[in-house]
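S.K.: There's a structure below that I have some questions on.
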Amino acid sequence: MKPGILMTRIMMFLLFLAIAAYFGSFLLQGMEHSVETAAAYTYTAERWLEASGFIIRSEQTIPAQTGMVDIVLSEGSTVAKGGVVAKVYADAYALEREAELDALAHEIEQLQYVTGRGDLSAGTAELNTGIVKAITSLKASVARGDLSGLEKDASELKNLVFRRDYTYNGETSLDQLLAEKRAAYDVLRQQTAQTTTIVRSPASGTFSSQVDGYESLFSPAILENLMPSDMDTLSLPVSVDGSWLGKIITESRWYFVCNLSEEDAKLLGSRAKLRFTTGYTNPLSMTVERVSAVENGMVTVVLSTNRYLANTTLLRRQTADLIYESAEGIRIPKRAVRLEEQAVTDPETGAASTVQQTGVYCVVGMEVEWKPITILWEGEDFYLVEPLLPEVKETKDEARALRAGDSVIVRGQNLYDGKTVGAVF
């Protein structure tokens, strides 16, 4: 090989190494200043036990009636003793007469309103204004596609038109018409009384239309001596023959009873939060009323509350999570937490020292900032932390507080407080 060609090749190789070193240094610099971040956010961590059991309440059933039944109470509504639960009609004709009776009662109410006005012309003017407003409101609701209040708006418009029509009849004709309507109402009421039966509540309490057959087996009285083996008997299917109209829950306090292992029951303490997996899934704060004696390593646990009854009237046999421990804080990845030496100043003496601190590095603007933390909870791949260490709280150094929304660094090289960072990805 000629000396010139060899020299050229050597020079080209050296030039390649120089270019590679140049770009490599930039790449290393970029890697040093680049970080990977994750968002810190508010989180509630929980530990719980899963259990299957029964809801037990004080309940009194209402026998079914022969005929067409119209239950006037909604599920979970309260009723006084002797209050109307349902109306039972002998046949379809009786049901029609009841509807006519309601319509007459409505007309009489409107007529009483109109005749009670001393100035009918002023009342007419007000009614006209009200009708225009009702029409405008009804039109706007339909245009928005909001039909939630359609029935109420339409009923209000009908009432206003009804009142205005009677206003134009004159005061004398109104008095006569009111007397005729009252007489018709009295006659029709006597007729309906013979074909309509009123079902009244046997006790004051909360109404439920669901009767599952357990009402005759369950009562709070059985809870005092209930053992784990007794739960097998409670779990047997119960037949319902359909001879019940509904039931009244006579006490506000209700119970959830289940079996747990002896070790799991010790985790509960005196209170626990219960969350049903179906039906009503909001956490319920419960009191641990009783833990039975141990039987083959199992105990029966009774929990109670006097709240949420109206939301749980349809529930009986349930699977639930018993939450025995929980904490709220800021969730961060485990990879973000570091133990490093940090310089601190004593707030009383002003003396500087170096201590080991647990904390995280965050990206604030284009700089790295150290934020001390206190770990509250350890999960599989995360920690739940407080914003500040106790000693930092005393100095009121709120600028160093870790807050929800901060970008914590989970990967980076040569990190220190105040360092300028490059690309964040």
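Just so we're on the same page: first chain in the structure tokens is A, next is B, and so on; residues restart at 1 for each chain, and ligands are numbered from 1 in the order they show up.
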List as a ChimeraX atom specification the protein and nucleic acid residues near segment 40-51 of chain A, meaning an atom at most 8 Å away when only C-alpha atoms are counted, but skip any in the same chain fewer than 3 places from it.
M.R.: /A:258-260,264,319-332,377,384,403-408
S.K.: Skipping near chain neighbours, those fewer than 3 positions away, what residues fall within 10 Å of Ser208 of chain A using only C-alpha atoms, listed as a PyMOL selection string?
M.R.: chain A and resi 59+61+73-78+205+211+245-249+310+312-314
S.K.: Save out the residues we just selected, N, CA, C and O atoms, as a short mmCIF file (atom, residue, chain, number, x, y, z; two decimals), in the first residue's frame.
M.R.:
```cif
data_model
loop_
_atom_site.label_atom_id
_atom_site.label_comp_id
_atom_site.auth_asym_id
_atom_site.auth_seq_id
_atom_site.Cartn_x
_atom_site.Cartn_y
_atom_site.Cartn_z
N GLU A 59 -87.99 -6.39 61.90
CA GLU A 59 -88.91 -6.25 60.77
C GLU A 59 -90.28 -6.83 61.09
O GLU A 59 -90.38 -7.85 61.77
N THR A 61 -93.78 -7.86 58.97
CA THR A 61 -94.36 -8.01 57.63
C THR A 61 -95.81 -7.53 57.58
O THR A 61 -96.50 -7.50 58.60
N LEU A 73 -96.19 4.19 49.19
CA LEU A 73 -94.90 4.52 49.78
C LEU A 73 -93.77 4.08 48.85
O LEU A 73 -93.86 3.04 48.20
N SER A 74 -92.72 4.86 48.82
CA SER A 74 -91.54 4.47 48.05
C SER A 74 -90.60 3.66 48.93
O SER A 74 -90.68 3.69 50.17
N GLU A 75 -89.69 2.93 48.30
CA GLU A 75 -88.73 2.09 49.02
C GLU A 75 -87.86 2.95 49.93
O GLU A 75 -87.27 3.94 49.51
N GLY A 76 -87.80 2.56 51.21
CA GLY A 76 -86.94 3.26 52.15
C GLY A 76 -87.56 4.49 52.79
O GLY A 76 -86.90 5.19 53.56
N SER A 77 -88.84 4.77 52.50
CA SER A 77 -89.49 5.94 53.09
C SER A 77 -89.99 5.62 54.49
O SER A 77 -90.28 4.47 54.83
N THR A 78 -90.06 6.64 55.33
CA THR A 78 -90.52 6.46 56.70
C THR A 78 -92.04 6.60 56.77
O THR A 78 -92.64 7.33 55.97
N GLY A 205 -91.85 3.21 61.30
CA GLY A 205 -90.54 2.72 60.86
C GLY A 205 -90.26 3.05 59.42
O GLY A 205 -90.75 4.06 58.88
N VAL A 211 -89.94 -8.72 50.63
CA VAL A 211 -90.03 -9.71 51.69
C VAL A 211 -89.34 -10.97 51.19
O VAL A 211 -89.72 -11.54 50.17
N LEU A 245 -97.37 -8.10 51.43
CA LEU A 245 -97.38 -6.86 50.66
C LEU A 245 -96.06 -6.11 50.80
O LEU A 245 -95.61 -5.43 49.89
N GLY A 246 -95.45 -6.24 51.94
CA GLY A 246 -94.19 -5.56 52.22
C GLY A 246 -93.85 -5.73 53.68
O GLY A 246 -94.34 -6.64 54.35
N LYS A 247 -93.00 -4.86 54.20
CA LYS A 247 -92.63 -4.95 55.61
C LYS A 247 -92.25 -3.57 56.13
O LYS A 247 -91.92 -2.66 55.36
N ILE A 248 -92.30 -3.45 57.45
CA ILE A 248 -91.88 -2.24 58.14
C ILE A 248 -90.66 -2.58 58.98
O ILE A 248 -90.70 -3.50 59.81
N ILE A 249 -89.58 -1.87 58.77
CA ILE A 249 -88.38 -2.02 59.59
C ILE A 249 -88.57 -1.11 60.79
O ILE A 249 -88.59 0.12 60.65
N ALA A 310 -82.16 3.58 54.93
CA ALA A 310 -82.97 3.77 53.72
C ALA A 310 -82.25 3.30 52.46
O ALA A 310 -82.90 2.96 51.46
N THR A 312 -80.24 0.63 52.34
CA THR A 312 -79.89 -0.80 52.41
C THR A 312 -81.11 -1.69 52.65
O THR A 312 -80.95 -2.87 52.98
N THR A 313 -82.32 -1.18 52.47
CA THR A 313 -83.52 -1.97 52.76
C THR A 313 -83.67 -3.18 51.85
O THR A 313 -84.32 -4.16 52.22
N LEU A 314 -83.09 -3.12 50.65
CA LEU A 314 -83.23 -4.23 49.70
C LEU A 314 -82.12 -5.27 49.85
O LEU A 314 -82.12 -6.29 49.14
#
```
S.K.: Contacts of Asp230 of chain A at 12 Å or less, counting only C-alpha atoms, minus same-chain residues fewer than 3 places along, as a list of chain:residue names?
M.R.: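 Here the qualifying residues turn out to be A:Gly53, A:Ile222, A:Leu223, A:Glu224, A:Asn225, A:Leu226, A:Met227, A:Thr233, A:Leu234, A:Ser235, A:Leu236, A:Val257, A:Cys258, A:Asn259, A:Ser292, A:Glu295, A:Met298, A:Val299, A:Thr300.
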S.K.: Give me, as a tab-separated table (two decimals) with C-alpha atoms, in the first residue's frame, the residues of segment 91-307 of chain A that a backbone DSSP run labels helix (DSSP H, G or I).
M.R.:
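So part-v3.tsv came out as:
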```
chain	number	residue	atom	x	y	z
A	92	ALA	CA	-110.49	-1.95	37.57
A	93	TYR	CA	-113.66	0.12	37.84
A	94	ALA	CA	-112.81	0.98	41.44
A	95	LEU	CA	-109.37	2.10	40.31
A	96	GLU	CA	-110.96	4.39	37.69
A	97	ARG	CA	-113.24	5.94	40.31
A	98	GLU	CA	-110.20	6.61	42.50
A	99	ALA	CA	-108.57	8.47	39.61
A	100	GLU	CA	-111.77	10.50	39.13
A	101	LEU	CA	-111.79	11.29	42.84
A	102	ASP	CA	-108.21	12.60	42.66
A	103	ALA	CA	-109.10	14.74	39.63
A	104	LEU	CA	-112.13	16.22	41.44
A	105	ALA	CA	-110.00	16.99	44.50
A	106	HIS	CA	-107.56	18.84	42.24
A	107	GLU	CA	-110.33	20.86	40.61
A	108	ILE	CA	-111.79	21.81	43.99
A	109	GLU	CA	-108.36	23.01	45.11
A	110	GLN	CA	-108.03	25.22	42.02
A	111	LEU	CA	-111.54	26.63	42.43
A	112	GLN	CA	-110.86	27.47	46.07
A	113	TYR	CA	-107.77	29.36	44.98
A	114	VAL	CA	-109.68	31.40	42.37
A	115	THR	CA	-112.67	32.18	44.59
A	120	LEU	CA	-110.25	38.52	39.88
A	121	SER	CA	-108.91	40.81	37.18
A	122	ALA	CA	-105.61	41.19	38.99
A	123	GLY	CA	-105.56	37.44	39.45
A	124	THR	CA	-106.17	37.00	35.72
A	125	ALA	CA	-103.29	39.30	34.86
A	126	GLU	CA	-100.97	37.39	37.16
A	127	LEU	CA	-102.12	34.09	35.70
A	128	ASN	CA	-101.49	35.30	32.14
A	129	THR	CA	-97.96	36.33	33.10
A	130	GLY	CA	-97.43	33.01	34.82
A	131	ILE	CA	-98.67	31.08	31.80
A	132	VAL	CA	-96.25	32.92	29.50
A	133	LYS	CA	-93.35	32.20	31.87
A	134	ALA	CA	-94.36	28.52	32.17
A	135	ILE	CA	-94.56	28.14	28.37
A	136	THR	CA	-91.16	29.82	27.96
A	137	SER	CA	-89.58	27.60	30.62
A	138	LEU	CA	-91.10	24.47	29.10
A	139	LYS	CA	-89.86	25.41	25.63
A	140	ALA	CA	-86.35	26.14	26.91
A	141	SER	CA	-86.18	22.76	28.70
A	142	VAL	CA	-87.21	20.91	25.55
A	143	ALA	CA	-84.70	22.88	23.44
A	144	ARG	CA	-81.89	21.92	25.86
A	150	LEU	CA	-90.86	18.03	32.06
A	151	GLU	CA	-93.71	16.45	34.02
A	152	LYS	CA	-93.55	19.11	36.73
A	153	ASP	CA	-93.41	22.01	34.22
A	154	ALA	CA	-96.30	20.59	32.18
A	155	SER	CA	-98.38	20.12	35.33
A	156	GLU	CA	-97.71	23.70	36.44
A	157	LEU	CA	-98.76	25.05	33.03
A	158	LYS	CA	-101.95	22.99	33.15
A	159	ASN	CA	-102.77	24.34	36.61
A	160	LEU	CA	-102.31	27.94	35.52
A	161	VAL	CA	-104.53	27.51	32.45
A	162	PHE	CA	-107.11	25.77	34.62
A	163	ARG	CA	-107.19	28.70	37.05
A	164	ARG	CA	-107.46	31.31	34.32
A	165	ASP	CA	-110.38	29.52	32.64
A	166	TYR	CA	-112.36	29.55	35.87
A	167	THR	CA	-111.49	33.19	36.51
A	171	GLU	CA	-117.53	35.12	40.83
A	172	THR	CA	-121.18	33.91	41.02
A	173	SER	CA	-120.69	30.97	38.66
A	174	LEU	CA	-117.50	30.00	40.48
A	175	ASP	CA	-119.29	29.65	43.82
A	176	GLN	CA	-121.99	27.54	42.20
A	177	LEU	CA	-119.43	25.39	40.36
A	178	LEU	CA	-117.42	24.86	43.55
A	179	ALA	CA	-120.55	23.64	45.36
A	180	GLU	CA	-121.34	21.23	42.53
A	181	LYS	CA	-117.79	19.82	42.53
A	182	ARG	CA	-117.88	19.30	46.28
A	183	ALA	CA	-121.18	17.48	46.08
A	184	ALA	CA	-119.89	15.24	43.28
A	185	TYR	CA	-116.75	14.56	45.32
A	186	ASP	CA	-118.75	13.47	48.39
A	187	VAL	CA	-120.88	11.07	46.33
A	188	LEU	CA	-117.89	9.55	44.60
A	189	ARG	CA	-115.98	9.20	47.86
A	190	GLN	CA	-118.82	7.20	49.38
A	191	GLN	CA	-118.80	4.90	46.35
A	192	THR	CA	-115.04	4.33	46.43
A	193	ALA	CA	-115.11	3.65	50.18
A	194	GLN	CA	-117.08	0.49	49.49
A	195	THR	CA	-114.65	-0.87	46.88
A	214	TYR	CA	-85.81	-14.29	56.50
A	215	GLU	CA	-88.02	-11.87	58.46
A	216	SER	CA	-89.35	-14.77	60.54
A	220	PRO	CA	-81.51	-8.73	66.73
A	221	ALA	CA	-82.34	-11.07	69.63
A	222	ILE	CA	-80.56	-14.03	67.95
A	223	LEU	CA	-77.25	-12.16	67.77
A	224	GLU	CA	-76.38	-12.55	71.45
A	225	ASN	CA	-75.72	-16.27	71.25
A	230	ASP	CA	-75.14	-21.33	63.41
A	231	MET	CA	-74.28	-19.38	60.26
A	232	ASP	CA	-74.63	-22.58	58.24
A	233	THR	CA	-78.25	-22.82	59.33
A	234	LEU	CA	-78.88	-19.17	58.42
A	262	GLU	CA	-59.85	-15.63	65.00
A	263	GLU	CA	-56.73	-13.86	63.69
A	264	ASP	CA	-58.66	-11.72	61.21
A	265	ALA	CA	-61.20	-10.67	63.83
A	266	LYS	CA	-58.42	-9.24	66.00
```
S.K.: Give the strand (DSSP E) residues of segment 322-361 of chain A, as DSSP finds them on the backbone, and put them as an MDAnalysis selection string.
M.R.: chainID A and resid 322:333 337:345 352:361
S.K.: Find the distance between atom CA of Glu289 of chain A and atom CA of Arg275 of chain A and write it in Å to one decimal.
M.R.: 17.3 Å
S.K.: Report as a ChimeraX atom specification all protein, DNA and RNA residues lying within 12 Å of Ser304 of chain A, evaluated on only C-alpha atoms, omitting residues in the same chain fewer than 4 positions from it.
M.R.: /A:54-57,220,223,252-258,270-274,284-290,308-309
S.K.: May I ask for the distance between atom CA of Lys81 of chain A and atom CA of Phe207 of chain A, given in Å to one decimal place?
M.R.: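 Interatomic distance here is 11.3 Å.
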S.K.: At a cut-off of 7 Å, using only C-alpha atoms, what residues contact segment 350-366 of chain A? Leave out same-chain residues fewer than 2 positions from it and give the result as a PyMOL selection string.
M.R.: chain A and resi 336-348+368-373+406-409+420-421
S.K.: Mind pulling up the distance from atom CA of Glu367 of chain A to atom CA of Lys419 of chain A?
M.R.: 5.4 Å
